[in-house]
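Novice: For reference, this is structure-v4.cif, and it has mmCIF, C-alpha atoms.
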```cif
data_final
#
loop_
_atom_site.label_atom_id
_atom_site.label_comp_id
_atom_site.auth_asym_id
_atom_site.auth_seq_id
_atom_site.Cartn_x
_atom_site.Cartn_y
_atom_site.Cartn_z
CA HIS C 248 78.31 78.03 19.93
CA SER C 249 74.54 77.86 20.18
CA ASN C 250 71.55 75.64 19.45
CA THR C 251 69.29 78.46 18.28
CA LEU C 252 68.85 79.53 14.66
CA PHE C 253 67.01 82.69 13.64
CA GLU C 254 65.28 83.24 10.30
CA PHE C 255 64.67 86.65 8.70
CA ASP C 256 62.29 87.37 5.83
CA SER C 257 64.62 89.82 4.10
CA LYS C 258 67.89 91.70 4.35
CA SER C 259 66.06 94.73 5.73
CA ALA C 260 64.41 92.56 8.38
CA PHE C 261 67.85 91.22 9.31
CA VAL C 262 69.26 94.74 9.60
CA SER C 263 66.28 95.72 11.77
CA ASP C 264 66.61 92.52 13.83
CA LYS C 265 63.02 91.50 13.03
CA ILE C 266 63.06 87.74 13.51
CA SER C 267 60.39 85.83 11.57
CA LYS C 268 61.08 82.35 12.94
CA THR C 269 63.24 80.67 15.58
CA TYR C 270 64.55 77.11 15.35
CA ASN C 271 65.65 75.28 18.50
CA LEU C 272 68.13 72.64 17.42
CA THR C 273 68.74 69.33 19.15
CA HIS C 274 72.50 69.89 19.16
CA PHE C 275 74.80 72.86 19.60
CA TYR C 276 76.65 74.12 16.54
CA PHE C 277 80.11 75.65 16.57
CA GLY C 278 81.74 78.32 14.46
CA THR C 279 80.76 80.71 11.70
CA GLY C 280 81.25 78.38 8.75
CA HIS C 281 77.83 76.71 8.66
CA LEU C 282 75.30 77.34 5.90
CA ILE C 283 71.79 76.87 4.59
CA TYR C 284 71.38 74.99 1.33
CA ASN C 285 68.22 73.72 -0.38
CA GLY C 286 66.09 74.18 2.72
CA SER C 287 68.46 72.58 5.22
CA PHE C 288 70.91 73.94 7.79
CA TYR C 289 74.34 72.26 7.66
CA TYR C 290 76.62 72.65 10.65
CA GLN C 291 79.37 71.09 12.74
CA ARG C 292 78.09 69.64 15.99
CA ALA C 293 80.08 71.31 18.77
CA SER C 294 82.94 69.22 20.18
CA ARG C 295 82.37 66.42 17.65
CA ASN C 296 83.75 65.44 14.26
CA LEU C 297 80.12 65.24 13.13
CA ILE C 298 78.20 67.37 10.70
CA ILE C 299 74.45 67.72 11.00
CA LYS C 300 71.87 68.34 8.30
CA TYR C 301 68.73 69.91 9.78
CA ASN C 302 65.67 70.17 7.54
CA LEU C 303 64.11 73.58 8.22
CA LYS C 304 60.66 72.45 7.09
CA ASN C 305 60.11 69.28 9.11
CA GLY C 306 62.97 69.30 11.66
CA PHE C 307 64.36 65.98 10.38
CA GLU C 308 68.06 65.52 11.16
CA MET C 309 70.80 63.33 9.81
CA ASP C 310 74.49 63.27 10.64
CA ALA C 311 77.78 62.05 9.22
CA ILE C 312 81.28 61.61 10.55
CA ILE C 313 83.94 63.71 8.84
CA PRO C 314 87.01 61.45 8.69
CA ASP C 315 90.19 62.55 10.53
CA ALA C 316 88.70 65.99 11.24
CA ALA C 317 90.09 68.25 13.95
CA TYR C 318 87.30 69.37 16.26
CA GLY C 319 89.09 70.46 19.45
CA ASP C 320 92.41 71.36 21.09
CA ARG C 321 92.23 74.73 19.32
CA ASN C 322 93.25 73.07 16.05
CA PHE C 323 91.15 75.59 14.12
CA VAL C 324 91.09 75.48 10.35
CA TYR C 325 92.04 79.17 9.92
CA SER C 326 94.05 81.82 11.73
CA THR C 327 90.97 83.58 13.09
CA ASP C 328 90.11 80.72 15.47
CA PHE C 329 86.39 80.71 14.63
CA ASN C 330 85.98 77.36 12.88
CA TYR C 331 87.05 73.76 12.97
CA MET C 332 85.04 73.03 9.84
CA ASP C 333 84.10 75.46 7.08
CA PHE C 334 81.18 74.56 4.80
CA SER C 335 81.00 75.77 1.23
CA VAL C 336 78.48 75.38 -1.60
CA ASP C 337 79.15 76.08 -5.26
CA GLU C 338 77.79 75.04 -8.66
CA ASN C 339 79.03 71.49 -8.04
CA GLY C 340 77.61 70.84 -4.57
CA LEU C 341 78.53 70.75 -0.90
CA TRP C 342 82.11 70.92 0.45
CA VAL C 343 83.74 70.91 3.88
CA ILE C 344 87.19 72.39 4.56
CA TYR C 345 89.00 71.34 7.73
CA ASN C 346 92.33 70.49 9.35
CA ASP C 347 93.66 66.98 9.88
CA ARG C 348 93.24 65.92 13.50
CA GLU C 349 96.80 64.61 13.88
CA ASP C 350 98.85 66.63 11.38
CA ARG C 351 98.38 70.40 11.63
CA ASP C 352 100.28 70.84 8.37
CA LEU C 353 97.64 68.92 6.45
CA LEU C 354 94.49 70.57 5.13
CA ARG C 355 91.59 68.36 4.08
CA VAL C 356 88.64 69.01 1.78
CA VAL C 357 85.72 66.64 1.28
CA LYS C 358 82.80 66.79 -1.12
CA LEU C 359 79.48 65.43 0.11
CA GLU C 360 76.21 64.40 -1.47
CA PRO C 361 73.88 67.04 0.07
CA SER C 362 70.81 64.80 0.34
CA THR C 363 72.52 61.87 2.09
CA LEU C 364 75.80 63.37 3.40
CA GLN C 365 77.61 60.52 1.64
CA LEU C 366 81.28 61.21 0.99
CA VAL C 367 81.88 61.46 -2.77
CA GLY C 368 85.38 62.96 -2.91
CA TRP C 369 88.30 63.93 -0.72
CA TRP C 370 91.59 65.79 -1.12
CA LEU C 371 94.68 66.36 1.05
CA PHE C 372 96.90 69.44 0.91
CA PRO C 373 100.29 69.64 2.63
CA LEU C 374 99.88 73.18 3.91
CA ARG C 375 99.17 74.88 7.22
CA ALA C 376 95.72 76.41 6.88
CA LYS C 377 96.35 78.45 10.04
CA LYS C 378 98.44 80.69 7.76
CA TYR C 379 95.20 81.68 6.00
CA GLY C 380 92.24 83.73 7.16
CA ASN C 381 89.39 81.94 5.37
CA GLY C 382 88.46 80.06 2.23
CA PHE C 383 85.69 78.75 0.02
CA VAL C 384 85.01 76.73 -3.12
CA ALA C 385 83.67 78.45 -6.25
CA HIS C 386 83.26 76.90 -9.71
CA GLY C 387 85.05 73.80 -8.43
CA ILE C 388 88.11 75.76 -7.29
CA LEU C 389 89.32 76.11 -3.69
CA TYR C 390 90.40 79.66 -2.84
CA LEU C 391 92.26 80.60 0.35
CA ILE C 392 92.54 84.19 1.62
CA LYS C 393 95.87 85.13 3.13
CA SER C 394 94.40 87.30 5.88
CA THR C 395 90.95 88.40 7.03
CA THR C 396 92.24 90.79 9.72
CA GLU C 397 94.39 93.04 7.52
CA LYS C 398 92.66 95.66 5.40
CA LYS C 399 94.53 94.68 2.24
CA SER C 400 94.93 90.98 1.59
CA THR C 401 95.09 88.51 -1.29
CA PHE C 402 93.93 85.14 -2.51
CA ASP C 403 97.28 83.42 -3.00
CA PHE C 404 96.30 79.73 -3.04
CA SER C 405 93.85 78.02 -5.35
CA TYR C 406 93.24 74.45 -6.45
CA ASP C 407 91.07 73.32 -9.34
CA PHE C 408 89.31 70.09 -8.35
CA TYR C 409 88.09 69.52 -11.91
CA ALA C 410 91.16 70.54 -13.92
CA SER C 411 91.27 68.95 -17.35
CA ASN C 412 93.87 66.23 -17.98
CA SER C 413 94.16 65.62 -14.25
CA THR C 414 92.67 62.80 -12.18
CA TYR C 415 92.65 64.63 -8.86
CA GLY C 416 92.81 68.26 -9.97
CA LYS C 417 95.77 70.63 -9.77
CA GLN C 418 97.01 73.76 -8.06
CA ILE C 419 96.73 76.92 -10.13
CA GLY C 420 98.54 80.20 -9.74
CA VAL C 421 96.52 83.04 -8.26
CA ASN C 422 97.26 86.47 -6.82
CA LEU C 423 94.00 88.37 -6.42
CA ALA C 424 93.48 91.38 -4.18
CA PHE C 425 90.94 91.13 -1.37
CA THR C 426 89.82 93.86 1.03
CA ASN C 427 88.72 93.46 4.64
CA ALA C 428 87.23 96.91 5.12
CA PHE C 429 86.68 96.51 8.88
CA GLU C 430 89.64 94.18 9.49
CA LEU C 431 87.82 91.25 11.13
CA ASN C 432 86.16 89.17 8.43
CA ASN C 433 85.20 86.12 10.45
CA MET C 434 82.83 84.63 7.86
CA VAL C 435 83.53 84.55 4.11
CA CYS C 436 81.39 82.49 1.73
CA TYR C 437 80.56 82.23 -1.94
CA SER C 438 76.98 82.42 -3.25
CA TYR C 439 76.64 80.70 -6.61
CA ARG C 440 73.08 82.01 -6.93
CA LYS C 441 74.11 85.65 -6.48
CA ASN C 442 77.62 85.25 -7.94
CA ARG C 443 79.02 87.12 -4.96
CA ILE C 444 81.24 86.65 -1.95
CA TYR C 445 79.54 87.50 1.34
CA GLY C 446 81.38 88.35 4.54
CA TRP C 447 80.69 89.23 8.15
CA ASP C 448 83.35 91.84 8.81
CA SER C 449 83.47 93.13 12.39
CA GLY C 450 79.68 93.05 12.69
CA ASN C 451 79.04 94.36 9.18
CA LEU C 452 77.45 92.33 6.37
CA VAL C 453 79.59 92.94 3.29
CA SER C 454 79.47 91.60 -0.26
CA TYR C 455 81.85 91.46 -3.21
CA PRO C 456 80.57 91.09 -6.80
CA LEU C 457 82.46 88.57 -8.92
CA LEU C 458 83.32 88.11 -12.57
CA PHE C 459 84.67 84.70 -13.60
CA VAL C 460 86.58 84.53 -16.86
CA ASP C 461 87.48 81.29 -18.63
CA PHE C 462 90.85 81.10 -20.33
#
```
Let me see the file written as structure tokens.
Specialist:
Amino acid sequence: HSNTLFEFDSKSAFVSDKISKTYNLTHFYFGTGHLIYNGSFYYQRASRNLIIKYNLKNGFEMDAIIPDAAYGDRNFVYSTDFNYMDFSVDENGLWVIYNDREDRDLLRVVKLEPSTLQLVGWWLFPLRAKKYGNGFVAHGILYLIKSTTEKKSTFDFSYDFYASNSTYGKQIGVNLAFTNAFELNNMVCYSYRKNRIYGWDSGNLVSYPLLFVDF
């Protein structure tokens, strides 16, 4: 965890470790699942079931409680033990993936209004997320990766939050190959602007181009 955020002007500046700006946050963040979206930094406040929205332009902060979220006792959301909460942004907005505080066999996902952090949707899944390495939401579908520490892995769980003819969405069959080239992918996220998955695999920034096909 840390309370310092570094900004880089470009990918080449990042690779060269040429920092353009440093932000000193009021609170410490925890994990690798935070993100920047529409000019704000969203993160879990360390040792709290709180998420913080930090405006990078003016330093304004707001927070919100994530209901029933695990945030301690090593009840991490994935098998890699890096996150209690995993943020995701797709074409539909801002999501948070996390474990239930009391029931470790219950995965929770909430959708938030990015500007206010108001809760606008929530889902419960009777599965042990610790059996998975990471996950994200893309095109309104939750994808979970079986492992992020084995070179060859798969997406073998997906759930469509906006499935037609369904009030709450539905699980859909998936078995897609996924490669962890350096066998320690401790951050995996989807970029709807770039239509890519980005990862931080054993100190290497990696990306995976995507092609979505409607059936």
Novice: Record the distance separating CA of Asn432 (chain C) and CA of Phe261 (chain C), expressed in Å with one decimal.
Specialist: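 So the two atoms, CA of Asn432 (chain C) and CA of Phe261 (chain C), lie 18.4 Å apart.
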Novice: What does the distance between CA of Ser454 (chain C) and CA of Ser249 (chain C) come to in Å, to one decimal place?
Specialist: 25.1 Å
Novice: Using the chain letters and numbering of this document, enumerate as an MDAnalysis selection string the residues selected by the PyMOL selection byres ((chain C and resi 378) around 7).
Specialist: chainID C and resid 325:326 375:377 379:380 393
Novice: When the PyMOL selection byres ((chain C and resi 275-277) around 6) is applied to the structure above, which residues does it catch, written out as a list in words?
Specialist: His248, Ser249, Asn250, His274, Gly278, Gln291, Arg292 and Ala293 of chain C
Novice: Around all listed atoms of region 379-387 of chain C, padded 4 Å per side, what centre and edge lengths does the axis-aligned box have in Å to one decimal, as lines of an AutoDock Vina configuration file?
Specialist:
```
center_x = 89.2
center_y = 78.8
center_z = -1.3
size_x = 19.9
size_y = 17.9
size_z = 24.9
```
Novice: What is the CA of Thr327 (chain C) to CA of Thr279 (chain C) distance in Å?
Specialist: 10.7 Å
Novice: Step by step: start from the point (96.2, 69.2, 6.6) in the file's coordinates, keep every protein, DNA or RNA residue that has an atom no farther than 7 Å from it, count all atoms listed in the file, and write the set as a compact mmCIF listing (two decimals) with C-alpha atoms, keeping the file's coordinate frame.
Specialist:
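The resulting file, selection-v4.txt, is reproduced below:
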```txt
# COMPACT_ATOMS: atom_id res chain seq x y z
CA ASN C 346 92.33 70.49 9.35
CA ASP C 347 93.66 66.98 9.88
CA ASP C 350 98.85 66.63 11.38
CA ARG C 351 98.38 70.40 11.63
CA ASP C 352 100.28 70.84 8.37
CA LEU C 353 97.64 68.92 6.45
CA LEU C 354 94.49 70.57 5.13
CA ARG C 355 91.59 68.36 4.08
CA LEU C 371 94.68 66.36 1.05
CA PHE C 372 96.90 69.44 0.91
CA PRO C 373 100.29 69.64 2.63
CA LEU C 374 99.88 73.18 3.91
CA ARG C 375 99.17 74.88 7.22
```
Novice: Output as JSON lines one row per residue of region 311-358 of chain C within 12 Å of region 280-287 of chain C: the closest atom pair and its distance in Å to one decimal place, counting only C-alpha atoms, sorted by chain and residue number ascending.
Specialist:
```
{"residue": "C:Phe323", "atom": "CA", "partner": "C:Gly280", "partner_atom": "CA", "distance": 11.6}
{"residue": "C:Val324", "atom": "CA", "partner": "C:Gly280", "partner_atom": "CA", "distance": 10.4}
{"residue": "C:Tyr325", "atom": "CA", "partner": "C:Gly280", "partner_atom": "CA", "distance": 10.9}
{"residue": "C:Thr327", "atom": "CA", "partner": "C:Gly280", "partner_atom": "CA", "distance": 11.8}
{"residue": "C:Asp328", "atom": "CA", "partner": "C:Gly280", "partner_atom": "CA", "distance": 11.4}
{"residue": "C:Phe329", "atom": "CA", "partner": "C:Gly280", "partner_atom": "CA", "distance": 8.2}
{"residue": "C:Asn330", "atom": "CA", "partner": "C:Gly280", "partner_atom": "CA", "distance": 6.4}
{"residue": "C:Tyr331", "atom": "CA", "partner": "C:Gly280", "partner_atom": "CA", "distance": 8.5}
{"residue": "C:Met332", "atom": "CA", "partner": "C:Gly280", "partner_atom": "CA", "distance": 6.6}
{"residue": "C:Asp333", "atom": "CA", "partner": "C:Gly280", "partner_atom": "CA", "distance": 4.4}
{"residue": "C:Phe334", "atom": "CA", "partner": "C:Gly280", "partner_atom": "CA", "distance": 5.5}
{"residue": "C:Ser335", "atom": "CA", "partner": "C:Leu282", "partner_atom": "CA", "distance": 7.5}
{"residue": "C:Val336", "atom": "CA", "partner": "C:Tyr284", "partner_atom": "CA", "distance": 7.7}
{"residue": "C:Asp337", "atom": "CA", "partner": "C:Tyr284", "partner_atom": "CA", "distance": 10.2}
{"residue": "C:Glu338", "atom": "CA", "partner": "C:Tyr284", "partner_atom": "CA", "distance": 11.9}
{"residue": "C:Gly340", "atom": "CA", "partner": "C:Tyr284", "partner_atom": "CA", "distance": 9.5}
{"residue": "C:Leu341", "atom": "CA", "partner": "C:Tyr284", "partner_atom": "CA", "distance": 8.6}
{"residue": "C:Trp342", "atom": "CA", "partner": "C:Leu282", "partner_atom": "CA", "distance": 10.8}
{"residue": "C:Val343", "atom": "CA", "partner": "C:Gly280", "partner_atom": "CA", "distance": 9.3}
{"residue": "C:Ile344", "atom": "CA", "partner": "C:Gly280", "partner_atom": "CA", "distance": 9.4}
{"residue": "C:Tyr345", "atom": "CA", "partner": "C:Gly280", "partner_atom": "CA", "distance": 10.5}
```
Novice: May I have the residues from that selection written out with C-alpha atoms, as a short mmCIF file (atom, residue, chain, number, x, y, z; two decimals), in the frame of the given file?
Specialist:
```cif
data_model
loop_
_atom_site.label_atom_id
_atom_site.label_comp_id
_atom_site.auth_asym_id
_atom_site.auth_seq_id
_atom_site.Cartn_x
_atom_site.Cartn_y
_atom_site.Cartn_z
CA PHE C 323 91.15 75.59 14.12
CA VAL C 324 91.09 75.48 10.35
CA TYR C 325 92.04 79.17 9.92
CA THR C 327 90.97 83.58 13.09
CA ASP C 328 90.11 80.72 15.47
CA PHE C 329 86.39 80.71 14.63
CA ASN C 330 85.98 77.36 12.88
CA TYR C 331 87.05 73.76 12.97
CA MET C 332 85.04 73.03 9.84
CA ASP C 333 84.10 75.46 7.08
CA PHE C 334 81.18 74.56 4.80
CA SER C 335 81.00 75.77 1.23
CA VAL C 336 78.48 75.38 -1.60
CA ASP C 337 79.15 76.08 -5.26
CA GLU C 338 77.79 75.04 -8.66
CA GLY C 340 77.61 70.84 -4.57
CA LEU C 341 78.53 70.75 -0.90
CA TRP C 342 82.11 70.92 0.45
CA VAL C 343 83.74 70.91 3.88
CA ILE C 344 87.19 72.39 4.56
CA TYR C 345 89.00 71.34 7.73
#
```
Novice: Pick the closest to Phe383 (chain C) from C:Tyr437, C:Trp370, C:Phe425, C:Phe404: which is it, counting all atoms listed in the file?
Specialist: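 Counting all atoms listed in the file, the residue closest to Phe383 (chain C) is C:Tyr437.
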Novice: Please provide as a PyMOL selection string all residues within 12 Å of Lys399 (chain C), with the sequence filter that same-chain residues fewer than 5 positions apart are discarded (counting all atoms listed in the file).
Specialist: chain C and resi 392-394+423-432
Novice: I would like the residues chosen by the PyMOL selection byres ((chain C and resi 407-419) around 6) on the shown file; could you give them as a ChimeraX atom specification?
Specialist: /C:387-388,405-406,420
Novice: Taking (66.9, 71.8, 8.5) in the file's coordinates, which residues come within 6 Å, counting all atoms listed in the file, written as a list in words?
Specialist: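 Every polymer residue passing the test: Ser287, Phe288, Tyr301, Asn302, Leu303 and Gly306 of chain C.
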Novice: Would you mind listing what lies within 8 Å of Asp310 (chain C) as a PyMOL selection string, with only C-alpha atoms counted and same-chain residues fewer than 5 positions away left out?
Specialist: chain C and resi 297-300+364
Novice: Compile the contact shell of Lys268 (chain C) as an MDAnalysis selection string: residues with an atom at most 8 Å away, counting all atoms listed in the file, same-chain residues fewer than 6 positions apart removed.
Specialist: chainID C and resid 253:255
Novice: Since fewer atoms than expected are present, regenerate N, CA and C atoms for region 301-319 of chain C and write them as an mmCIF file, keeping the file's coordinate frame.
Specialist:
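Final file, selection.cif:
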```cif
data_model
loop_
_atom_site.group_PDB
_atom_site.id
_atom_site.type_symbol
_atom_site.label_atom_id
_atom_site.label_comp_id
_atom_site.auth_asym_id
_atom_site.auth_seq_id
_atom_site.Cartn_x
_atom_site.Cartn_y
_atom_site.Cartn_z
ATOM 1 N N TYR C 301 70.013 69.670 9.120
ATOM 2 C CA TYR C 301 68.730 69.910 9.780
ATOM 3 C C TYR C 301 67.754 70.477 8.769
ATOM 4 N N ASN C 302 66.694 69.742 8.498
ATOM 5 C CA ASN C 302 65.670 70.170 7.540
ATOM 6 C C ASN C 302 64.807 71.258 8.193
ATOM 7 N N LEU C 303 64.814 72.444 7.615
ATOM 8 C CA LEU C 303 64.110 73.580 8.220
ATOM 9 C C LEU C 303 62.588 73.424 8.150
ATOM 10 N N LYS C 304 62.097 72.598 7.249
ATOM 11 C CA LYS C 304 60.660 72.450 7.090
ATOM 12 C C LYS C 304 60.059 71.473 8.092
ATOM 13 N N ASN C 305 60.708 70.316 8.257
ATOM 14 C CA ASN C 305 60.110 69.280 9.110
ATOM 15 C C ASN C 305 60.940 68.927 10.341
ATOM 16 N N GLY C 306 62.126 69.551 10.495
ATOM 17 C CA GLY C 306 62.970 69.300 11.660
ATOM 18 C C GLY C 306 63.718 67.981 11.615
ATOM 19 N N PHE C 307 63.639 67.255 10.488
ATOM 20 C CA PHE C 307 64.360 65.980 10.380
ATOM 21 C C PHE C 307 65.860 66.221 10.359
ATOM 22 N N GLU C 308 66.603 65.388 11.086
ATOM 23 C CA GLU C 308 68.060 65.520 11.160
ATOM 24 C C GLU C 308 68.746 64.251 10.670
ATOM 25 N N MET C 309 69.901 64.441 10.072
ATOM 26 C CA MET C 309 70.800 63.330 9.810
ATOM 27 C C MET C 309 72.213 63.811 10.077
ATOM 28 N N ASP C 310 73.113 62.868 10.347
ATOM 29 C CA ASP C 310 74.490 63.270 10.640
ATOM 30 C C ASP C 310 75.465 62.369 9.901
ATOM 31 N N ALA C 311 76.712 62.813 9.862
ATOM 32 C CA ALA C 311 77.780 62.050 9.220
ATOM 33 C C ALA C 311 79.096 62.396 9.887
ATOM 34 N N ILE C 312 79.936 61.402 10.009
ATOM 35 C CA ILE C 312 81.280 61.610 10.550
ATOM 36 C C ILE C 312 82.178 62.145 9.444
ATOM 37 N N ILE C 313 82.947 63.197 9.770
ATOM 38 C CA ILE C 313 83.940 63.710 8.840
ATOM 39 C C ILE C 313 85.278 63.070 9.210
ATOM 40 N N PRO C 314 85.842 62.253 8.336
ATOM 41 C CA PRO C 314 87.010 61.450 8.690
ATOM 42 C C PRO C 314 88.237 62.301 9.010
ATOM 43 N N ASP C 315 88.900 61.940 10.123
ATOM 44 C CA ASP C 315 90.190 62.550 10.530
ATOM 45 C C ASP C 315 90.074 64.057 10.747
ATOM 46 N N ALA C 316 88.884 64.547 11.090
ATOM 47 C CA ALA C 316 88.700 65.990 11.240
ATOM 48 C C ALA C 316 89.108 66.462 12.630
ATOM 49 N N ALA C 317 89.822 67.583 12.680
ATOM 50 C CA ALA C 317 90.090 68.250 13.950
ATOM 51 C C ALA C 317 88.803 68.900 14.439
ATOM 52 N N TYR C 318 88.521 68.757 15.719
ATOM 53 C CA TYR C 318 87.300 69.370 16.260
ATOM 54 C C TYR C 318 87.507 69.878 17.686
ATOM 55 N N GLY C 319 88.771 69.984 18.112
ATOM 56 C CA GLY C 319 89.090 70.460 19.450
ATOM 57 C C GLY C 319 90.556 70.797 19.568
#
```
